[in-house]
Each structure stands twice: as C-alpha cells, then as structure tokens.
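Engineer: Structure: structure00.cif, mmCIF, C-alpha atoms and all ligand atoms.
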```cif
data_coords
#
loop_
_atom_site.label_atom_id
_atom_site.label_comp_id
_atom_site.auth_asym_id
_atom_site.auth_seq_id
_atom_site.Cartn_x
_atom_site.Cartn_y
_atom_site.Cartn_z
CA MET Z 1 0.00 0.00 0.00
CA VAL Z 2 1.17 3.53 -0.79
CA ILE Z 3 0.05 6.57 1.16
CA ALA Z 4 0.91 9.68 -0.85
CA ILE Z 5 1.38 12.93 1.03
CA ASP Z 6 1.81 16.13 -0.98
CA GLY Z 7 1.69 19.81 -0.21
CA PRO Z 8 3.78 22.97 -0.04
CA ALA Z 9 6.95 23.54 2.00
CA GLY Z 10 6.17 23.93 5.70
CA ALA Z 11 2.72 22.31 5.60
CA GLY Z 12 4.09 19.62 7.94
CA LYS Z 13 4.60 16.89 5.34
CA SER Z 14 7.77 15.30 6.68
CA THR Z 15 6.75 15.36 10.36
CA VAL Z 16 3.33 13.97 9.47
CA ALA Z 17 4.62 11.37 6.99
CA ARG Z 18 7.20 10.10 9.48
CA ALA Z 19 4.60 9.84 12.24
CA VAL Z 20 2.05 8.08 10.00
CA ALA Z 21 4.72 5.58 8.88
CA GLU Z 22 5.61 4.87 12.49
CA ARG Z 23 1.97 4.47 13.56
CA LEU Z 24 1.16 2.04 10.73
CA GLY Z 25 4.51 0.24 10.50
CA PHE Z 26 5.11 1.52 6.95
CA THR Z 27 8.41 2.78 5.53
CA TYR Z 28 8.83 6.51 5.02
CA LEU Z 29 10.09 7.87 1.69
CA ASP Z 30 11.27 11.48 1.69
CA THR Z 31 11.41 12.40 -2.01
CA GLY Z 32 12.45 15.99 -1.21
CA ALA Z 33 15.67 14.53 0.25
CA MET Z 34 16.38 13.02 -3.17
CA TYR Z 35 16.04 16.43 -4.89
CA ARG Z 36 18.25 17.88 -2.18
CA CYS Z 37 20.91 15.22 -2.88
CA VAL Z 38 20.86 16.06 -6.59
CA GLY Z 39 21.08 19.81 -5.80
CA LEU Z 40 24.17 19.14 -3.72
CA ALA Z 41 25.77 16.78 -6.25
CA ALA Z 42 25.02 19.05 -9.24
CA ARG Z 43 26.65 22.01 -7.48
CA ASP Z 44 29.93 20.09 -7.37
CA SER Z 45 29.69 18.61 -10.86
CA GLU Z 46 30.42 19.77 -14.41
CA GLU Z 47 27.73 17.46 -15.78
CA PRO Z 48 24.14 18.61 -16.47
CA ALA Z 49 21.86 18.08 -13.47
CA GLY Z 50 19.82 15.43 -15.34
CA VAL Z 51 22.92 13.29 -15.81
CA VAL Z 52 23.91 13.80 -12.18
CA ALA Z 53 20.40 12.70 -11.11
CA SER Z 54 20.40 9.54 -13.18
CA ARG Z 55 23.86 8.53 -11.91
CA ALA Z 56 23.31 9.46 -8.25
CA ASN Z 57 23.11 6.56 -5.87
CA ILE Z 58 20.70 7.76 -3.18
CA ALA Z 59 19.96 5.43 -0.27
CA PHE Z 60 18.07 5.73 3.01
CA HIS Z 61 19.36 3.92 6.10
CA ASP Z 62 17.32 4.37 9.27
CA HIS Z 63 17.25 8.17 9.54
CA ALA Z 64 20.37 8.75 7.43
CA VAL Z 65 20.50 9.79 3.77
CA LEU Z 66 23.47 8.45 1.78
CA LEU Z 67 24.61 9.98 -1.50
CA ASP Z 68 27.08 7.73 -3.33
CA GLY Z 69 27.91 6.14 0.01
CA GLU Z 70 28.49 9.43 1.84
CA ASP Z 71 26.28 10.46 4.77
CA VAL Z 72 24.67 13.76 3.66
CA THR Z 73 21.83 13.82 6.23
CA ALA Z 74 22.94 17.14 7.75
CA ALA Z 75 24.40 18.67 4.55
CA ILE Z 76 21.12 18.45 2.60
CA ARG Z 77 19.24 20.38 5.34
CA ARG Z 78 21.46 23.48 5.16
CA PRO Z 79 19.41 26.51 4.03
CA GLY Z 80 21.40 27.03 0.78
CA VAL Z 81 20.58 23.50 -0.33
CA SER Z 82 16.83 24.23 -0.30
CA ASP Z 83 17.40 26.67 -3.11
CA LEU Z 84 19.69 24.30 -5.05
CA ALA Z 85 17.08 21.54 -4.69
CA SER Z 86 14.28 23.79 -5.87
CA GLN Z 87 16.37 24.76 -8.94
CA VAL Z 88 17.21 21.19 -10.01
CA ALA Z 89 13.62 20.11 -9.29
CA ALA Z 90 12.48 22.46 -12.10
CA ASP Z 91 14.60 20.47 -14.61
CA PRO Z 92 12.44 17.86 -16.44
CA GLU Z 93 15.45 15.53 -16.91
CA VAL Z 94 16.08 15.53 -13.16
CA ARG Z 95 12.40 14.81 -12.47
CA LYS Z 96 12.33 11.97 -14.98
CA ALA Z 97 15.34 10.30 -13.36
CA LEU Z 98 14.12 10.71 -9.78
CA VAL Z 99 10.51 9.74 -10.48
CA ALA Z 100 11.79 6.47 -12.03
CA LYS Z 101 13.89 5.78 -8.91
CA GLN Z 102 10.93 6.60 -6.64
CA GLN Z 103 8.55 4.35 -8.57
CA GLU Z 104 11.02 1.50 -8.27
CA ILE Z 105 11.28 2.06 -4.51
CA VAL Z 106 7.52 2.06 -3.81
CA ALA Z 107 6.73 -0.83 -6.16
CA THR Z 108 6.90 -3.34 -3.31
CA GLY Z 109 5.98 -3.03 0.36
CA ASN Z 110 4.04 -0.46 2.36
CA TRP Z 111 5.11 3.15 1.99
CA VAL Z 112 4.30 6.62 3.17
CA ALA Z 113 5.80 8.72 0.37
CA GLU Z 114 5.99 12.46 0.76
CA GLY Z 115 6.71 15.21 -1.79
CA ARG Z 116 5.05 17.44 -4.37
CA ASP Z 117 3.99 15.03 -7.10
CA ILE Z 118 3.45 11.69 -5.35
CA GLY Z 119 -0.32 11.46 -5.82
CA THR Z 120 -0.16 12.93 -9.33
CA VAL Z 121 3.00 11.49 -10.96
CA VAL Z 122 4.99 9.07 -8.79
CA ALA Z 123 2.09 6.96 -7.47
CA PRO Z 124 -1.16 8.09 -9.10
CA ASP Z 125 -2.75 4.77 -8.05
CA ALA Z 126 -1.84 5.25 -4.37
CA ALA Z 127 -4.53 3.84 -2.04
CA VAL Z 128 -4.54 7.04 0.00
CA LYS Z 129 -3.69 10.50 -1.36
CA VAL Z 130 -3.47 13.32 1.10
CA PHE Z 131 -2.88 16.98 0.34
CA LEU Z 132 -1.69 18.92 3.35
CA HIS Z 133 -1.88 22.64 3.52
CA ALA Z 134 -1.58 25.47 6.02
CA ASP Z 135 -1.62 29.26 5.93
CA PRO Z 136 1.61 30.71 4.48
CA GLU Z 137 2.38 32.60 7.73
CA VAL Z 138 1.98 29.45 9.81
CA ARG Z 139 4.16 27.46 7.41
CA ALA Z 140 6.89 30.12 7.62
CA GLU Z 141 6.64 30.27 11.42
CA ARG Z 142 7.06 26.50 11.70
CA ARG Z 143 10.11 26.46 9.43
CA ALA Z 144 11.65 29.49 11.16
CA SER Z 145 11.30 27.98 14.61
CA GLN Z 146 12.60 24.59 13.38
CA LEU Z 147 15.75 26.14 11.89
CA ASN Z 148 16.03 29.15 14.20
CA LEU Z 149 15.62 31.69 11.40
CA ASP Z 150 13.87 35.03 10.96
CA VAL Z 151 10.16 34.55 10.10
CA GLN Z 152 9.94 37.42 7.59
CA ASP Z 153 13.04 36.16 5.82
CA VAL Z 154 11.62 32.62 5.65
CA LEU Z 155 8.28 33.96 4.42
CA ALA Z 156 9.96 35.89 1.57
CA LYS Z 157 12.04 32.86 0.50
CA GLN Z 158 9.01 30.60 0.84
CA ARG Z 159 7.14 32.75 -1.69
CA VAL Z 160 9.91 32.31 -4.26
CA ARG Z 161 10.08 28.54 -3.69
CA ASP Z 162 6.29 28.15 -3.79
CA GLU Z 163 6.24 29.84 -7.15
CA ARG Z 164 9.04 27.70 -8.54
CA ASP Z 165 7.61 24.48 -7.05
CA ASN Z 166 4.29 25.30 -8.62
CA THR Z 167 5.21 24.29 -12.17
CA GLU Z 168 3.27 21.74 -14.17
CA GLY Z 169 2.75 18.33 -12.60
CA ARG Z 170 3.54 19.50 -9.11
CA SER Z 171 1.04 22.12 -8.30
CA THR Z 172 2.06 22.50 -4.70
CA LEU Z 173 -0.57 25.02 -3.68
CA GLU Z 174 -3.66 23.22 -4.92
CA ALA Z 175 -4.98 19.80 -4.00
CA PRO Z 176 -4.95 17.37 -6.95
CA PRO Z 177 -8.25 15.75 -7.89
CA GLY Z 178 -9.07 12.64 -5.88
CA SER Z 179 -7.02 13.67 -2.88
CA ASP Z 180 -8.23 14.18 0.68
CA GLN Z 181 -7.37 17.65 1.90
CA VAL Z 182 -6.13 18.29 5.40
CA ASP Z 183 -5.56 21.86 6.55
CA THR Z 184 -2.98 21.61 9.34
CA THR Z 185 -3.14 25.29 10.35
CA ASN Z 186 -5.12 24.63 13.53
CA LEU Z 187 -4.50 20.90 14.05
CA THR Z 188 -2.03 19.12 16.29
CA LEU Z 189 0.30 16.51 14.83
CA ASP Z 190 -1.72 13.74 16.50
CA GLU Z 191 -4.96 15.00 14.98
CA VAL Z 192 -3.43 15.00 11.49
CA VAL Z 193 -1.96 11.51 11.97
CA ASP Z 194 -5.33 10.22 13.26
CA ALA Z 195 -7.08 11.57 10.18
CA ILE Z 196 -4.62 9.92 7.75
CA ALA Z 197 -4.51 6.63 9.68
CA ALA Z 198 -8.33 6.51 9.47
CA LEU Z 199 -8.18 7.00 5.69
CA ALA Z 200 -5.66 4.14 5.41
CA GLU Z 201 -7.76 1.89 7.68
CA ALA Z 202 -10.78 2.46 5.46
CA LYS Z 203 -8.78 1.22 2.45
CA ARG Z 204 -7.34 -1.93 4.08
O1 LIG H 301 10.30 18.97 0.68
P1 LIG H 301 11.69 19.58 0.53
O2 LIG H 301 11.79 20.99 1.01
O3 LIG H 301 12.76 18.73 1.12
O4 LIG H 301 11.93 19.59 -1.06
C1 LIG H 301 13.09 20.12 -1.63
C2 LIG H 301 12.78 20.67 -3.02
O5 LIG H 301 12.46 19.61 -3.92
C3 LIG H 301 11.59 21.63 -3.07
O6 LIG H 301 11.97 22.81 -3.77
C4 LIG H 301 10.52 20.92 -3.84
C5 LIG H 301 11.24 19.85 -4.60
N1 LIG H 301 10.49 18.60 -4.65
C6 LIG H 301 9.81 18.30 -5.81
O7 LIG H 301 9.82 19.09 -6.74
N2 LIG H 301 9.15 17.11 -5.91
C7 LIG H 301 9.13 16.25 -4.88
N3 LIG H 301 8.47 15.08 -5.00
C8 LIG H 301 9.80 16.55 -3.66
C9 LIG H 301 10.46 17.76 -3.58
#
```
Would you encode the structure as structure tokens?
Ligand code: DC
Structural biologist:
Amino acid sequence: MVIAIDGPAGAGKSTVARAVAERLGFTYLDTGAMYRCVGLAARDSEEPAGVVASRANIAFHDHAVLLDGEDVTAAIRRPGVSDLASQVAADPEVRKALVAKQQEIVATGNWVAEGRDIGTVVAPDAAVKVFLHADPEVRAERRASQLNLDVQDVLAKQRVRDERDNTEGRSTLEAPPGSDQVDTTNLTLDEVVDAIAALAEAKR
C-alpha cells in the first residue's frame, strides 16, 4: 500500500509522513531529500543536473541519507541546499530520473511517500492520497522555529520557492483531484496523523 502525502513547504509533510509511517509500520520515503541530494551533487559537478540525477546513488538507512555512500543527512538540510534543490527540481530531466527511482522504490511493500507530485505522478494509483496545507504565515513560522531563522526572511524565501515548485505536474498550492485535503493550520500533529490513519484503515 502507498500513502501519498503532498503539499507545499512547511505544511508539515515530513513530520506527518514520518509519524504516519511509524503508527502504521510503513516505511517513510522522503522524495524531497532526493532532490536535495541532486542539488548538492550538481553544485559540485560539471555534468548537467539530469545526468547527475540519473547517476546518483541515493539510499536511506534508518534516519540517514546516503549519497554515493556518503552520509549527507545534515548537509542536505542546510538553508542554501533548499534553493539548489528547488532549482534542479524544475529540470524535467532531473524529475524523470528521480521519479523512475521513486517508482522503483515504492513498487513493493508499504510506503508513506511524501513530496510534491506523489499522488499525481509518482504513485497516481496510491490507495490514499493526502494533500496537506496550512496558511503561508503558519508554514513560515514552523520552518523558522525549526531552523532558528527570521520569520519574515523565511516567508519571503518561501514565496519564491512556492512559485518555482508550482510548475506543471507539481502544483504545490492546490490539492490534486481525488485527494483528501487536510488543513494543518489549527490541528495538532496527533490530529493529522489520526485523520490519515483513518483514511488508510478504510482502504485496508
Ligand atoms: O520537501 P523539501 O523541502 O525537502 O523539497 C526540496 C525541493 O524539492 C523543493 O523545492 C521541492 C522539490 N520537490 C519536488 O519538486 N518534488 C518532490 N516530489 C519533492 C520535492
């Protein structure tokens, strides 16, 4: 079974996806981490980003992310890498390569996959498709307090990323058809996890 969780940056996708996976005993797939890996690798490479993406060996071990055998868990979370990731994610060749890898990963087993295009492109047949959203100010506040940054600064950068992430096939600000929408603005993590677990239960 695949549970697809999509939505804009700061809507709570990774926290929620991780918690849902833990609750249901599923494996968590963070597709944003894969774009972050390619952003990092492409920065240090002469090759086009699409080639870098198709060659990159990205693996998840427990809570660590490995890029060509190197532990990049902390490196991919640095603020500059968000921008690199968002740039390579706009490249169709990069998307093609990573979507193929993601489809291979979720083909067997039970997954909670989180990103921007899971319910639309990576796993359109997912049993459960959830679109998370939250008010832009709340999203920026969450990210700022997570990373200890200035809220106004985060809000300004979030606007730029939202716009770039909003290209065809990964409309991050609108729920795709057939998805269940959950607005996390006024919900606790437990309430969101309960709602998604109930959707999964209904499909089992
Ligand atoms: O969720 P995140 O911040 O780790 O994602 C990093 C970047 O990758 C972000 O700009 C959106 C992009 N992304 C994407 O285009 N498609 C996905 N499935 C996941 C992330």
Engineer: Counting only C-alpha atoms and all ligand atoms, name the residues that have an atom within 6 Å of an atom of ligand LIG 301 (chain H); the answer should be given as a ChimeraX atom specification.
Structural biologist: /Z:9,31-33,35-36,82,85-86,89,115-117,165
Engineer: Which value, in Å to one decimal, gives the distance between CA of Ser179 in chain Z and CA of Ala140 in chain Z?
Structural biologist: 24.0 Å
Engineer: May I ask for the distance between CA of Leu187 in chain Z and CA of Gly10 in chain Z, given in Å to one decimal place?
Structural biologist: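 Answer for the CA of Leu187 in chain Z to CA of Gly10 in chain Z separation: 13.9 Å.
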Engineer: Between Z:Ala90, Z:Leu67, Z:Val72, Z:Val112, which residue has the minimum interatomic distance to Gly25 in chain Z, considering only C-alpha atoms?
Structural biologist: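 Looking only at the distances to Gly25 in chain Z, the closest residue turns out to be Z:Val112.
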Engineer: Of the candidates Z:Glu174, Z:Ala198, Z:Gln181, Z:Val138, which shows the shortest atom-to-atom distance to Ala11 in chain Z, using all atoms listed in the file?
Structural biologist: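 Result for the nearest residue to Ala11 in chain Z: Z:Val138.
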Engineer: State, in Å with one decimal place, the distance from CA of Ala17 in chain Z to CA of Ala49 in chain Z.
Structural biologist: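 These atoms are spaced 27.6 Å apart.
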Engineer: Would you mind telling me which residue in Z:Ala175, Z:Ala202, Z:Val88, Z:Ala21 lies nearest to Arg43 in chain Z when using all atoms listed in the file?
Structural biologist: Z:Val88
Engineer: Which one is closest to Ala64 in chain Z: Z:Val182, Z:Leu155, Z:Ile76, Z:Pro176? Count only C-alpha atoms.
Structural biologist: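 Closest to Ala64 in chain Z of all the choices is Z:Ile76.
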Engineer: Considering only C-alpha atoms, can you say which of Z:Glu114, Z:Asp125, Z:Glu47, Z:Glu93 comes closest to Leu29 in chain Z?
Structural biologist: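 Smallest separation from Leu29 in chain Z among the options: Z:Glu114.
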Engineer: Show me the residues around (26.6, 8.6, -0.9) - criterion: an atom at most 12 Å away, all atoms listed in the file counted - as a ChimeraX atom specification.
Structural biologist: /Z:34,37-38,40-41,55-61,64-73,75-76
Engineer: With the cut-off set at 10 Å and counting all atoms listed in the file, tabulate each residue of range 22-135 of chain Z with an atom at most that distance from an atom of range 145-153 of chain Z, showing the nearest atom pair and its distance in Å to one decimal, ordered by chain and increasing number, as CSV.
Structural biologist:
```
residue,atom,partner,partner_atom,distance
Z:Arg77,CA,Z:Leu147,CA,9.4
Z:Arg78,CA,Z:Leu147,CA,9.2
Z:Pro79,CA,Z:Leu147,CA,8.7
```
Engineer: Which is closest to Ile105 in chain Z among Z:Asn186, Z:Thr27, Z:Glu22, Z:Ala126, if we use only C-alpha atoms?
Structural biologist: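 Among the listed residues, the smallest separation from Ile105 in chain Z belongs to Z:Thr27.
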Engineer: Counting all atoms listed in the file, write as an MDAnalysis selection string all protein and nucleic acid residues lying at most 12 Å from (-3.5, 19.1, -9.8) in the file's frame.
Structural biologist: chainID Z and resid 6:7 116:121 124 131 166:179
Engineer: When you look at Gln87 in chain Z with a cut-off of 8 Å (counting only C-alpha atoms), what residues show up, excluding the ones that are within fewer than 3 positions of it in the same chain? I need them as a PDB file with C-alpha atoms, in the coordinates of the input.
Structural biologist:
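Final output, out-v1.pdb:
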```pdb
ATOM      1  CA  GLY Z  39      21.080  19.810  -5.800  1.00  0.00           C
ATOM      2  CA  ASP Z  83      17.400  26.670  -3.110  1.00  0.00           C
ATOM      3  CA  LEU Z  84      19.690  24.300  -5.050  1.00  0.00           C
ATOM      4  CA  ALA Z  90      12.480  22.460 -12.100  1.00  0.00           C
ATOM      5  CA  ASP Z  91      14.600  20.470 -14.610  1.00  0.00           C
ATOM      6  CA  ARG Z 164       9.040  27.700  -8.540  1.00  0.00           C
TER       7      ARG Z 164
END
```
